[in-house]
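Containing compact mmCIF, C-alpha atoms: structure-v7.txt.
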# COMPACT_ATOMS: atom_id res chain seq x y z
CA MET A 1 -21.15 11.85 2.45
CA ALA A 2 -18.21 10.42 0.55
CA LYS A 3 -18.78 9.44 -3.06
CA GLY A 4 -15.46 7.72 -3.75
CA ILE A 5 -13.10 5.37 -1.93
CA VAL A 6 -9.44 5.16 -2.91
CA PHE A 7 -7.52 2.11 -1.66
CA ASP A 8 -3.82 1.81 -1.12
CA MET A 9 -2.86 -1.76 -2.02
CA ASP A 10 0.03 -3.17 0.03
CA GLY A 11 -0.93 -3.40 3.67
CA VAL A 12 -4.57 -2.45 2.98
CA ILE A 13 -5.83 -4.91 0.36
CA PHE A 14 -2.97 -7.41 0.57
CA ASP A 15 -0.97 -8.47 3.60
CA THR A 16 2.23 -7.90 1.64
CA GLU A 17 4.05 -5.43 3.91
CA ASN A 18 5.02 -8.18 6.36
CA LEU A 19 6.04 -10.34 3.41
CA ALA A 20 8.22 -7.55 2.04
CA VAL A 21 10.00 -7.02 5.34
CA ARG A 22 10.62 -10.76 5.68
CA THR A 23 11.92 -11.27 2.13
CA TRP A 24 14.18 -8.20 2.25
CA THR A 25 15.80 -9.37 5.48
CA GLN A 26 16.16 -12.89 4.09
CA ALA A 27 17.76 -11.60 0.89
CA PHE A 28 20.32 -9.46 2.71
CA THR A 29 21.08 -12.34 5.10
CA HIS A 30 21.65 -14.62 2.08
CA PHE A 31 24.57 -12.36 1.13
CA GLY A 32 25.89 -12.10 4.69
CA ILE A 33 24.56 -8.61 5.37
CA ASP A 34 22.54 -7.77 8.45
CA LEU A 35 19.36 -5.85 7.69
CA SER A 36 17.51 -5.24 10.91
CA GLU A 37 13.76 -5.74 10.90
CA ASP A 38 13.30 -2.23 12.27
CA LEU A 39 15.22 -0.72 9.36
CA ALA A 40 13.24 -2.80 6.88
CA LYS A 41 9.97 -1.66 8.48
CA THR A 42 10.98 1.97 8.02
CA THR A 43 10.54 1.54 4.25
CA VAL A 44 6.85 0.57 4.50
CA GLY A 45 4.86 2.76 2.11
CA MET A 46 7.89 3.72 0.02
CA SER A 47 8.17 2.91 -3.67
CA PHE A 48 10.50 0.06 -4.64
CA GLU A 49 13.09 2.51 -6.00
CA ASP A 50 12.98 4.63 -2.85
CA THR A 51 13.29 1.51 -0.70
CA CYS A 52 16.44 0.43 -2.52
CA GLN A 53 17.95 3.89 -2.17
CA TYR A 54 17.06 3.94 1.51
CA PHE A 55 18.92 0.68 2.10
CA ILE A 56 21.94 1.92 0.14
CA GLN A 57 22.04 5.06 2.28
CA HIS A 58 21.46 3.43 5.68
CA ILE A 59 23.37 0.13 5.51
CA HIS A 60 27.00 0.94 6.06
CA THR A 61 28.38 -2.41 4.90
CA PRO A 62 29.33 -2.18 1.19
CA PHE A 63 27.06 -4.28 -1.03
CA ASP A 64 25.73 -4.63 -4.57
CA ILE A 65 21.96 -4.10 -4.50
CA GLU A 66 21.16 -5.90 -7.78
CA PRO A 67 21.77 -9.53 -6.69
CA ILE A 68 19.95 -8.78 -3.43
CA ILE A 69 16.95 -7.50 -5.38
CA LYS A 70 16.93 -10.68 -7.47
CA GLN A 71 17.16 -12.86 -4.37
CA ARG A 72 14.35 -10.94 -2.72
CA PHE A 73 12.12 -11.41 -5.79
CA ASP A 74 12.95 -15.14 -5.78
CA TYR A 75 11.91 -15.46 -2.13
CA THR A 76 8.70 -13.51 -2.81
CA GLU A 77 7.78 -15.61 -5.85
CA GLN A 78 8.41 -18.83 -3.92
CA PHE A 79 6.08 -17.70 -1.14
CA ILE A 80 3.31 -16.57 -3.52
CA GLU A 81 3.52 -19.73 -5.63
CA THR A 82 2.98 -21.78 -2.49
CA ASN A 83 0.54 -19.59 -0.58
CA GLY A 84 -0.91 -17.03 -3.01
CA VAL A 85 -0.97 -13.33 -2.24
CA PRO A 86 -2.38 -13.00 1.30
CA LEU A 87 -5.49 -10.81 1.57
CA LYS A 88 -6.28 -8.55 4.49
CA ALA A 89 -9.39 -9.42 6.46
CA GLY A 90 -12.64 -7.89 5.19
CA VAL A 91 -11.55 -6.99 1.66
CA PHE A 92 -14.34 -8.73 -0.24
CA GLU A 93 -17.01 -7.75 2.28
CA LEU A 94 -16.04 -4.08 2.00
CA LEU A 95 -15.81 -4.09 -1.80
CA ASP A 96 -19.19 -5.82 -2.11
CA PHE A 97 -20.70 -3.19 0.19
CA LEU A 98 -19.15 -0.31 -1.77
CA LYS A 99 -20.31 -1.74 -5.08
CA ALA A 100 -23.87 -2.23 -3.78
CA LYS A 101 -23.91 1.37 -2.56
CA ASP A 102 -22.61 2.71 -5.91
CA TYR A 103 -19.41 4.21 -4.55
CA LYS A 104 -16.73 4.95 -7.12
CA ILE A 105 -13.68 2.88 -6.21
CA ALA A 106 -10.00 3.24 -7.12
CA VAL A 107 -6.59 1.82 -6.27
CA ALA A 108 -3.65 4.17 -5.76
CA THR A 109 -0.51 2.16 -5.10
CA SER A 110 3.21 2.87 -5.24
CA THR A 111 3.74 -0.66 -6.58
CA VAL A 112 4.37 -0.81 -10.33
CA SER A 113 1.71 -2.10 -12.72
CA GLN A 114 3.70 -5.22 -13.62
CA THR A 115 3.31 -6.42 -10.04
CA ALA A 116 0.09 -4.76 -8.85
CA ARG A 117 -2.25 -5.71 -11.68
CA PRO A 118 -1.50 -9.47 -11.62
CA TYR A 119 -2.00 -9.47 -7.84
CA LEU A 120 -5.42 -7.84 -8.23
CA ASP A 121 -6.35 -10.04 -11.22
CA ASN A 122 -5.38 -13.28 -9.53
CA ALA A 123 -7.29 -12.37 -6.39
CA GLY A 124 -10.44 -11.61 -8.42
CA LEU A 125 -10.48 -7.98 -7.33
CA THR A 126 -9.91 -6.01 -10.55
CA ARG A 127 -13.61 -6.01 -11.46
CA TYR A 128 -14.46 -3.88 -8.43
CA PHE A 129 -12.34 -0.87 -9.37
CA HIS A 130 -13.22 1.98 -11.69
CA THR A 131 -9.53 2.83 -12.03
CA ILE A 132 -6.21 1.33 -10.91
CA LEU A 133 -3.24 3.66 -10.65
CA CYS A 134 0.27 2.35 -9.98
CA GLY A 135 3.69 3.73 -9.21
CA ASP A 136 4.72 3.81 -12.85
CA ASN A 137 1.72 5.99 -13.77
CA ILE A 138 3.19 9.03 -12.02
CA GLN A 139 6.54 10.78 -11.67
CA ARG A 140 6.32 11.85 -8.03
CA ARG A 141 5.34 9.06 -5.67
CA LYS A 142 3.99 9.02 -2.13
CA PRO A 143 4.28 11.05 0.11
CA GLU A 144 3.67 13.44 -2.79
CA PRO A 145 -0.10 13.81 -3.45
CA ASP A 146 0.04 13.18 -7.21
CA ILE A 147 -1.37 9.64 -7.35
CA TYR A 148 -4.34 10.57 -5.17
CA LEU A 149 -5.07 13.67 -7.22
CA MET A 150 -4.94 11.54 -10.36
CA ALA A 151 -7.25 8.93 -8.81
CA CYS A 152 -9.85 11.56 -7.96
CA ASP A 153 -9.56 12.98 -11.47
CA HIS A 154 -10.13 9.53 -12.98
CA LEU A 155 -13.19 9.08 -10.76
CA ASN A 156 -14.47 12.54 -11.77
CA LEU A 157 -14.73 13.50 -8.12
CA ALA A 158 -13.29 16.28 -5.99
CA PRO A 159 -10.74 15.10 -3.41
CA ALA A 160 -13.03 16.38 -0.64
CA ASP A 161 -15.65 13.87 -1.81
CA CYS A 162 -13.27 10.91 -1.48
CA ILE A 163 -11.91 8.80 1.34
CA ALA A 164 -8.45 7.23 1.21
CA LEU A 165 -7.71 3.94 2.95
CA GLU A 166 -4.06 3.83 3.98
CA ASP A 167 -1.85 1.80 6.30
CA SER A 168 1.41 3.77 6.37
CA PRO A 169 2.46 7.29 7.40
CA THR A 170 3.87 7.86 3.91
CA GLY A 171 0.54 7.05 2.29
CA VAL A 172 -1.42 9.05 4.85
CA GLN A 173 0.66 12.13 4.03
CA ALA A 174 0.06 11.69 0.30
CA ALA A 175 -3.71 11.38 0.65
CA TYR A 176 -3.99 14.18 3.20
CA ARG A 177 -1.95 16.55 1.04
CA ALA A 178 -4.24 15.74 -1.90
CA GLY A 179 -7.25 16.80 0.16
CA LEU A 180 -8.92 13.43 0.77
CA LYS A 181 -10.33 12.31 4.11
CA VAL A 182 -7.93 9.65 5.34
CA ILE A 183 -8.87 6.49 7.20
CA MET A 184 -5.81 4.69 8.48
CA VAL A 185 -5.78 0.94 9.00
CA PRO A 186 -2.36 0.54 10.63
CA ASP A 187 -0.37 -2.49 9.55
CA ILE A 188 3.32 -2.56 10.47
CA LEU A 189 3.81 1.10 11.35
CA GLN A 190 1.66 2.84 13.94
CA PRO A 191 0.76 6.52 13.54
CA ASP A 192 2.54 9.10 15.68
CA LYS A 193 0.89 12.33 16.86
CA HIS A 194 1.75 14.12 13.60
CA VAL A 195 0.11 11.42 11.49
CA LYS A 196 -2.91 11.16 13.80
CA ASN A 197 -3.62 14.84 13.21
CA MET A 198 -4.09 14.09 9.50
CA LEU A 199 -6.65 11.34 10.02
CA PHE A 200 -10.40 11.35 9.59
CA ALA A 201 -10.40 8.04 11.49
CA GLU A 202 -8.13 5.22 12.63
CA ILE A 203 -9.57 1.70 12.62
CA PRO A 204 -8.17 -1.78 13.39
CA ASN A 205 -9.31 -3.52 10.18
CA LEU A 206 -11.41 -3.10 7.04
CA HIS A 207 -14.58 -4.47 8.67
CA TYR A 208 -14.89 -1.16 10.52
CA VAL A 209 -15.03 0.87 7.29
CA ILE A 210 -18.59 -0.28 6.59
CA ASP A 211 -19.79 0.83 10.02
CA LEU A 212 -17.98 4.14 9.67
CA LEU A 213 -19.51 4.85 6.26
CA GLN A 214 -22.98 3.91 7.45
CA THR A 215 -22.77 6.28 10.43
CA THR A 216 -21.66 9.18 8.22
CA GLU A 217 -24.32 8.72 5.50

Would you kindly transcribe this structure into structure tokens?
Amino acid sequence: MAKGIVFDMDGVIFDTENLAVRTWTQAFTHFGIDLSEDLAKTTVGMSFEDTCQYFIQHIHTPFDIEPIIKQRFDYTEQFIETNGVPLKAGVFELLDFLKAKDYKIAVATSTVSQTARPYLDNAGLTRYFHTILCGDNIQRRKPEPDIYLMACDHLNLAPADCIALEDSPTGVQAAYRAGLKVIMVPDILQPDKHVKNMLFAEIPNLHYVIDLLQTTE
């Protein structure tokens, strides 16, 4: 039976992957540059720095990334000020269940602390987690296994005793390589055969995690 649960954040706890795709495409369009939705979706699960580099490498129209980044942040802030950070279905129910069952719980996100921690604080979620690890806490980011290995270390658990909840192929690879059992809750990107072979389970939403944990106890 698993003793620890490690959550990815974007696309698992928060419905921010769709928001990111939308605000990136809007920001590029603002400067007259076409960023296809498919290209934007390819960056799901990447760190912010890797996403920027990916766009620089794959968009052949010359552009300055800095004003686009600022415009994208402006669009994101406008949305969050109006609507808040959208939660994925079942987050509170799952966290309440895990807390009641004395699971150790962590966050392992590629998003930097300056963004991730306020999101979790404002949503009232920080109190559930024993540790919160962000992209600026490590040197090598997903798909490297470092952040998951660090999360398990902070929980004082072996990776084999932990389950990772991920939504993207990049995150799945990181958790799998660290030795965790990986449950994928696909968001924007669906798993291909290679990714499916890494999974302990694939489920449609977080509500199914409770049933899965109860059947494996």

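For the set A:Ile5, A:Leu98, A:Leu125, A:Met184, the residue with the smallest atom-to-atom gap to Gly171 of chain A is A:Met184, counting all atoms listed in the file.
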
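Each of A:Ile68, A:Leu120, A:Ala108, A:Ala27 was checked against Asp136 of chain A using only C-alpha atoms; the smallest atom-to-atom distance is that of A:Ala108.
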
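Of the residues under consideration (A:Ser168, A:Asn18, A:Gln173, A:Thr43), A:Gln173 shows the shortest atom-to-atom contact distance to Tyr148 of chain A when counting only C-alpha atoms.
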
Do a neighbour search on Thr16 of chain A at 10 Å with all atoms listed in the file, toss out local chain neighbours closer than 2 positions, and write the hits as a count of residues only. 17

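In this model, the gap between atom CA of Ile183 of chain A and atom CA of Leu39 of chain A comes to 25.2 Å.
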
Expressed in Å, the length from atom CA of Ile65 of chain A to atom CA of Phe31 of chain A is 10.3 Å

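Note that atom CA of Thr29 of chain A and atom CA of Ile69 of chain A are 12.3 Å apart.
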
So which one's closest to Asp96 of chain A, A:Phe55, A:Phe63, A:Tyr128, A:Tyr176? Using only C-alpha atoms, please. A:Tyr128

Using all atoms listed in the file - which residues lie no farther than 12 Å from the point (-17.9, -4.7, 0.7) in the file's frame? Write them as a list in words. Ile5, Ala89, Gly90, Val91, Phe92, Glu93, Leu94, Leu95, Asp96, Phe97, Leu98, Lys99, Ala100, Lys101, Asp102, Tyr103, Ile105, Leu125, Tyr128, Leu206, His207, Tyr208, Val209, Ile210, Asp211 and Leu213 of chain A

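With all atoms listed in the file as the atoms that count, the residue of A:Thr109, A:Thr126, A:Gly179, A:Phe200 with the shortest distance to Ile147 of chain A is A:Thr109.
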
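Distances here use all atoms listed in the file; by that measure, the residue among A:Pro143, A:Gln26, A:Asp192, A:Ala106 closest to Arg177 of chain A is A:Pro143.
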
I'd like the neighbourhood of Glu66 of chain A as a ChimeraX atom specification, where a residue qualifies if any of its atoms comes within 12 Å (using all atoms listed in the file), though same-chain residues fewer than 5 positions away should be ignored. /A:27-28,31,49,52-53,56,71-73

Distance query Arg140 of chain A at most 12 Å, all atoms listed in the file, self and fewer than 2 positions along chain excluded, as a ChimeraX atom specification: /A:46-47,49-50,110,134-138,142-150,174

Hey, what's within 10 Å of Val172 of chain A if we count all atoms listed in the file and toss same-chain stuff fewer than 6 positions away? As a ChimeraX atom specification, please? /A:8,45,142-143,145,164-166,178,180-184,191,195-196,198-199

Written file, previous selection with C-alpha atoms, as a CSV table (one decimal), in the frame of the given file:
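Final output, saved to again-v6.csv:
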chain,number,residue,atom,x,y,z
A,8,ASP,CA,-3.8,1.8,-1.1
A,45,GLY,CA,4.9,2.8,2.1
A,142,LYS,CA,4.0,9.0,-2.1
A,143,PRO,CA,4.3,11.0,0.1
A,145,PRO,CA,-0.1,13.8,-3.4
A,164,ALA,CA,-8.4,7.2,1.2
A,165,LEU,CA,-7.7,3.9,3.0
A,166,GLU,CA,-4.1,3.8,4.0
A,178,ALA,CA,-4.2,15.7,-1.9
A,180,LEU,CA,-8.9,13.4,0.8
A,181,LYS,CA,-10.3,12.3,4.1
A,182,VAL,CA,-7.9,9.6,5.3
A,183,ILE,CA,-8.9,6.5,7.2
A,184,MET,CA,-5.8,4.7,8.5
A,191,PRO,CA,0.8,6.5,13.5
A,195,VAL,CA,0.1,11.4,11.5
A,196,LYS,CA,-2.9,11.2,13.8
A,198,MET,CA,-4.1,14.1,9.5
A,199,LEU,CA,-6.6,11.3,10.0

With all heavy atoms as the target, complete segment 112-123 of chain A and hand it back as a PDB file, keeping the file's coordinate frame.
ATOM      1  N   VAL A 112       4.464  -0.967  -8.882  1.00  0.00           N
ATOM      2  CA  VAL A 112       4.370  -0.810 -10.330  1.00  0.00           C
ATOM      3  C   VAL A 112       3.306  -1.734 -10.905  1.00  0.00           C
ATOM      4  O   VAL A 112       2.954  -2.761 -10.313  1.00  0.00           O
ATOM      5  CB  VAL A 112       5.733  -1.093 -11.017  1.00  0.00           C
ATOM      6  CG1 VAL A 112       6.769  -0.060 -10.589  1.00  0.00           C
ATOM      7  CG2 VAL A 112       6.217  -2.502 -10.723  1.00  0.00           C
ATOM      8  N   SER A 113       2.805  -1.373 -12.077  1.00  0.00           N
ATOM      9  CA  SER A 113       1.710  -2.100 -12.720  1.00  0.00           C
ATOM     10  C   SER A 113       2.042  -3.573 -12.943  1.00  0.00           C
ATOM     11  O   SER A 113       1.173  -4.445 -12.807  1.00  0.00           O
ATOM     12  CB  SER A 113       1.376  -1.458 -14.069  1.00  0.00           C
ATOM     13  OG  SER A 113       1.033  -0.107 -13.923  1.00  0.00           O
ATOM     14  N   GLN A 114       3.282  -3.853 -13.305  1.00  0.00           N
ATOM     15  CA  GLN A 114       3.700  -5.220 -13.620  1.00  0.00           C
ATOM     16  C   GLN A 114       3.481  -6.162 -12.436  1.00  0.00           C
ATOM     17  O   GLN A 114       3.237  -7.362 -12.615  1.00  0.00           O
ATOM     18  CB  GLN A 114       5.177  -5.225 -14.025  1.00  0.00           C
ATOM     19  CG  GLN A 114       5.700  -6.572 -14.483  1.00  0.00           C
ATOM     20  CD  GLN A 114       7.158  -6.516 -14.905  1.00  0.00           C
ATOM     21  OE1 GLN A 114       7.782  -5.443 -14.913  1.00  0.00           O
ATOM     22  NE2 GLN A 114       7.717  -7.654 -15.267  1.00  0.00           N
ATOM     23  N   THR A 115       3.548  -5.623 -11.233  1.00  0.00           N
ATOM     24  CA  THR A 115       3.310  -6.420 -10.040  1.00  0.00           C
ATOM     25  C   THR A 115       1.876  -6.273  -9.538  1.00  0.00           C
ATOM     26  O   THR A 115       1.210  -7.262  -9.220  1.00  0.00           O
ATOM     27  CB  THR A 115       4.270  -5.992  -8.911  1.00  0.00           C
ATOM     28  OG1 THR A 115       5.618  -6.188  -9.342  1.00  0.00           O
ATOM     29  CG2 THR A 115       4.022  -6.802  -7.650  1.00  0.00           C
ATOM     30  N   ALA A 116       1.387  -5.039  -9.475  1.00  0.00           N
ATOM     31  CA  ALA A 116       0.090  -4.760  -8.850  1.00  0.00           C
ATOM     32  C   ALA A 116      -1.071  -5.390  -9.609  1.00  0.00           C
ATOM     33  O   ALA A 116      -1.961  -6.019  -9.002  1.00  0.00           O
ATOM     34  CB  ALA A 116      -0.119  -3.257  -8.733  1.00  0.00           C
ATOM     35  N   ARG A 117      -1.093  -5.232 -10.914  1.00  0.00           N
ATOM     36  CA  ARG A 117      -2.250  -5.710 -11.680  1.00  0.00           C
ATOM     37  C   ARG A 117      -2.404  -7.236 -11.643  1.00  0.00           C
ATOM     38  O   ARG A 117      -3.524  -7.736 -11.465  1.00  0.00           O
ATOM     39  CB  ARG A 117      -2.189  -5.178 -13.108  1.00  0.00           C
ATOM     40  CG  ARG A 117      -2.484  -3.681 -13.178  1.00  0.00           C
ATOM     41  CD  ARG A 117      -2.549  -3.152 -14.590  1.00  0.00           C
ATOM     42  NE  ARG A 117      -2.927  -1.751 -14.612  1.00  0.00           N
ATOM     43  CZ  ARG A 117      -4.179  -1.295 -14.593  1.00  0.00           C
ATOM     44  NH1 ARG A 117      -5.179  -2.165 -14.585  1.00  0.00           N
ATOM     45  NH2 ARG A 117      -4.446  -0.001 -14.592  1.00  0.00           N
ATOM     46  N   PRO A 118      -1.332  -8.020 -11.785  1.00  0.00           N
ATOM     47  CA  PRO A 118      -1.500  -9.470 -11.620  1.00  0.00           C
ATOM     48  C   PRO A 118      -1.990  -9.870 -10.231  1.00  0.00           C
ATOM     49  O   PRO A 118      -2.785 -10.797 -10.100  1.00  0.00           O
ATOM     50  CB  PRO A 118      -0.096 -10.018 -11.897  1.00  0.00           C
ATOM     51  CG  PRO A 118       0.538  -9.002 -12.781  1.00  0.00           C
ATOM     52  CD  PRO A 118       0.022  -7.690 -12.298  1.00  0.00           C
ATOM     53  N   TYR A 119      -1.520  -9.188  -9.190  1.00  0.00           N
ATOM     54  CA  TYR A 119      -2.000  -9.470  -7.840  1.00  0.00           C
ATOM     55  C   TYR A 119      -3.512  -9.282  -7.770  1.00  0.00           C
ATOM     56  O   TYR A 119      -4.244 -10.131  -7.257  1.00  0.00           O
ATOM     57  CB  TYR A 119      -1.335  -8.538  -6.823  1.00  0.00           C
ATOM     58  CG  TYR A 119       0.066  -8.917  -6.399  1.00  0.00           C
ATOM     59  CD1 TYR A 119       0.765  -9.953  -7.006  1.00  0.00           C
ATOM     60  CD2 TYR A 119       0.708  -8.213  -5.381  1.00  0.00           C
ATOM     61  CE1 TYR A 119       2.050 -10.281  -6.611  1.00  0.00           C
ATOM     62  CE2 TYR A 119       2.000  -8.533  -4.978  1.00  0.00           C
ATOM     63  CZ  TYR A 119       2.668  -9.560  -5.602  1.00  0.00           C
ATOM     64  OH  TYR A 119       3.955  -9.879  -5.201  1.00  0.00           O
ATOM     65  N   LEU A 120      -3.989  -8.147  -8.280  1.00  0.00           N
ATOM     66  CA  LEU A 120      -5.420  -7.840  -8.230  1.00  0.00           C
ATOM     67  C   LEU A 120      -6.214  -8.792  -9.124  1.00  0.00           C
ATOM     68  O   LEU A 120      -7.298  -9.252  -8.748  1.00  0.00           O
ATOM     69  CB  LEU A 120      -5.656  -6.389  -8.642  1.00  0.00           C
ATOM     70  CG  LEU A 120      -5.087  -5.330  -7.680  1.00  0.00           C
ATOM     71  CD1 LEU A 120      -5.061  -3.961  -8.339  1.00  0.00           C
ATOM     72  CD2 LEU A 120      -5.888  -5.287  -6.387  1.00  0.00           C
ATOM     73  N   ASP A 121      -5.681  -9.100 -10.300  1.00  0.00           N
ATOM     74  CA  ASP A 121      -6.350 -10.040 -11.220  1.00  0.00           C
ATOM     75  C   ASP A 121      -6.486 -11.415 -10.586  1.00  0.00           C
ATOM     76  O   ASP A 121      -7.572 -12.018 -10.590  1.00  0.00           O
ATOM     77  CB  ASP A 121      -5.577 -10.148 -12.531  1.00  0.00           C
ATOM     78  CG  ASP A 121      -5.707  -8.912 -13.409  1.00  0.00           C
ATOM     79  OD1 ASP A 121      -6.630  -8.107 -13.165  1.00  0.00           O
ATOM     80  OD2 ASP A 121      -4.884  -8.761 -14.322  1.00  0.00           O
ATOM     81  N   ASN A 122      -5.391 -11.925 -10.064  1.00  0.00           N
ATOM     82  CA  ASN A 122      -5.380 -13.280  -9.530  1.00  0.00           C
ATOM     83  C   ASN A 122      -6.260 -13.423  -8.291  1.00  0.00           C
ATOM     84  O   ASN A 122      -6.774 -14.511  -8.009  1.00  0.00           O
ATOM     85  CB  ASN A 122      -3.945 -13.713  -9.200  1.00  0.00           C
ATOM     86  CG  ASN A 122      -3.090 -13.881 -10.440  1.00  0.00           C
ATOM     87  OD1 ASN A 122      -3.608 -14.100 -11.535  1.00  0.00           O
ATOM     88  ND2 ASN A 122      -1.778 -13.770 -10.293  1.00  0.00           N
ATOM     89  N   ALA A 123      -6.434 -12.331  -7.575  1.00  0.00           N
ATOM     90  CA  ALA A 123      -7.290 -12.370  -6.390  1.00  0.00           C
ATOM     91  C   ALA A 123      -8.766 -12.142  -6.727  1.00  0.00           C
ATOM     92  O   ALA A 123      -9.625 -12.215  -5.847  1.00  0.00           O
ATOM     93  CB  ALA A 123      -6.830 -11.318  -5.384  1.00  0.00           C
TER      94      ALA A 123
END
